[in-house]
Amino acid sequence: MQVEGAVAPNDPAESRAQLMYHHVKKLMYTVNIGEADPRFGKMLLEQFGGANGELAAAMQYSIQGFNCEDPARKDLLMDIGTEELSHLEVIGALTRMHLKPMKSNREAAEADPLMVIAGGGGVGLYDSMGNAWTADYLKVTGDLAVDLRSNIAAEARAKIVYERLIAFTEDKGSKEALQFLMTREITHMRAFTAALESMEKPQFAVGIIEPTPVLVDQFFNASTGESQYGETDFNGPWNSGNGLHTVQSEIKGGEGLDTKPYMPKPGTEKTSPVDSTPVGANTDGVGQKQAALHEKQAREMAQGAKVEV
Ligand code: MN
Ligand code: MN
């Protein structure tokens, strides 16, 4: 079905068709395992209801997407957020297969009494240690560039958790499913990175107020001395190079950080036309310009829109 030039169609049936989530009874990846391993099933719960798990990823990207003012990158967030829900279903299926013996076998049930006694032996929104899933896992700042950076980091965490899970099973089918899920996280990491780069902001430009010159280049040597194990101060590109240089503390006879007051105006930082609109006092002036850019972009996109369902 195609709806020409319409953001919200008038026909309620069409509107419903476009706004619903719809579940299709087919896993994104076919999961098959050999022998069930309830203890491994408990480990797998980390990616079901854990801090870096699939539900957290699905919710983080979707809610960022709901809030996103740039339609192109909103599409990206909704694509990946929805794919993560499919991953939740795959990891849920894999976990259930491994937990299955818990339903009938006392020894297996001891792998996770919570899942059996309270949950009947199925998956629940808990991590591998039985901690309940919480929205506190989600990083949603409402600033597109900041959210994209959070997502790149989230994908890196999900990748390493999958890699560690792969290292703790010998089951071929489980390894294959986990390899699939792990690979998708790297794909997402690449997409989020490309989306951030496509905003064409300088690498360290965040928000609309520039950081304080001089101070911004100072790396503070806050850990000094020598330990019993030979640990001492090191030089690297993080403290001498890339525009950064090391500053010694006053208590070590150094110059200390440059604390001269500096009050740049909003609009001094380089922004992207698709940056999120600022809040508070910053909604005046430069913030209004940013909001106007968004409105213009949204109007233009709506005018040329072809909505396909
Ligand atoms: Mn995933
Ligand atoms: Mn992902």
# chains A, B, ... in the order shown; residues from 1 in each chain; ligands from 1
>>> residues_near_ligand(ligand="ligand 1", cutoff="12 Å", atoms="only C-alpha atoms and all ligand atoms", output="VMD selection string")
chain A and resid 28 47 to 48 52 to 61 79 to 92 151 154 to 162 177 to 189
>>> select_by_dssp(residues="stretch 169-241 of chain A", states="alpha helix (DSSP H)", output="list in words")
Lys172, Gly173, Ser174, Lys175, Glu176, Ala177, Leu178, Gln179, Phe180, Leu181, Met182, Thr183, Arg184, Glu185, Ile186, Thr187, His188, Met189, Arg190, Ala191, Phe192, Thr193, Ala194, Ala195, Leu196, Glu197 and Ser198 of chain A
>>> closest_residue(among="A:Leu196, A:Met115, A:Ala153, A:Leu244", to="ligand 2", atoms="only C-alpha atoms and all ligand atoms")
A:Ala153
>>> atom_distance(atom1="atom CA of A:Tyr137", atom2="atom CA of A:Gly50")
8.4 Å
>>> closest_residue(among="A:Lys270, A:Lys25, A:Arg39, A:Arg106", to="A:Met129", atoms="only C-alpha atoms")
A:Arg39
>>> closest_residue(among="A:Ala118, A:Ala191, A:Cys68, A:Ala111", to="ligand 2", atoms="only C-alpha atoms and all ligand atoms")
A:Ala191
>>> closest_residue(among="A:Ser62, A:Ala132, A:Thr277, A:Ala72", to="ligand 2", atoms="only C-alpha atoms and all ligand atoms")
A:Ser62
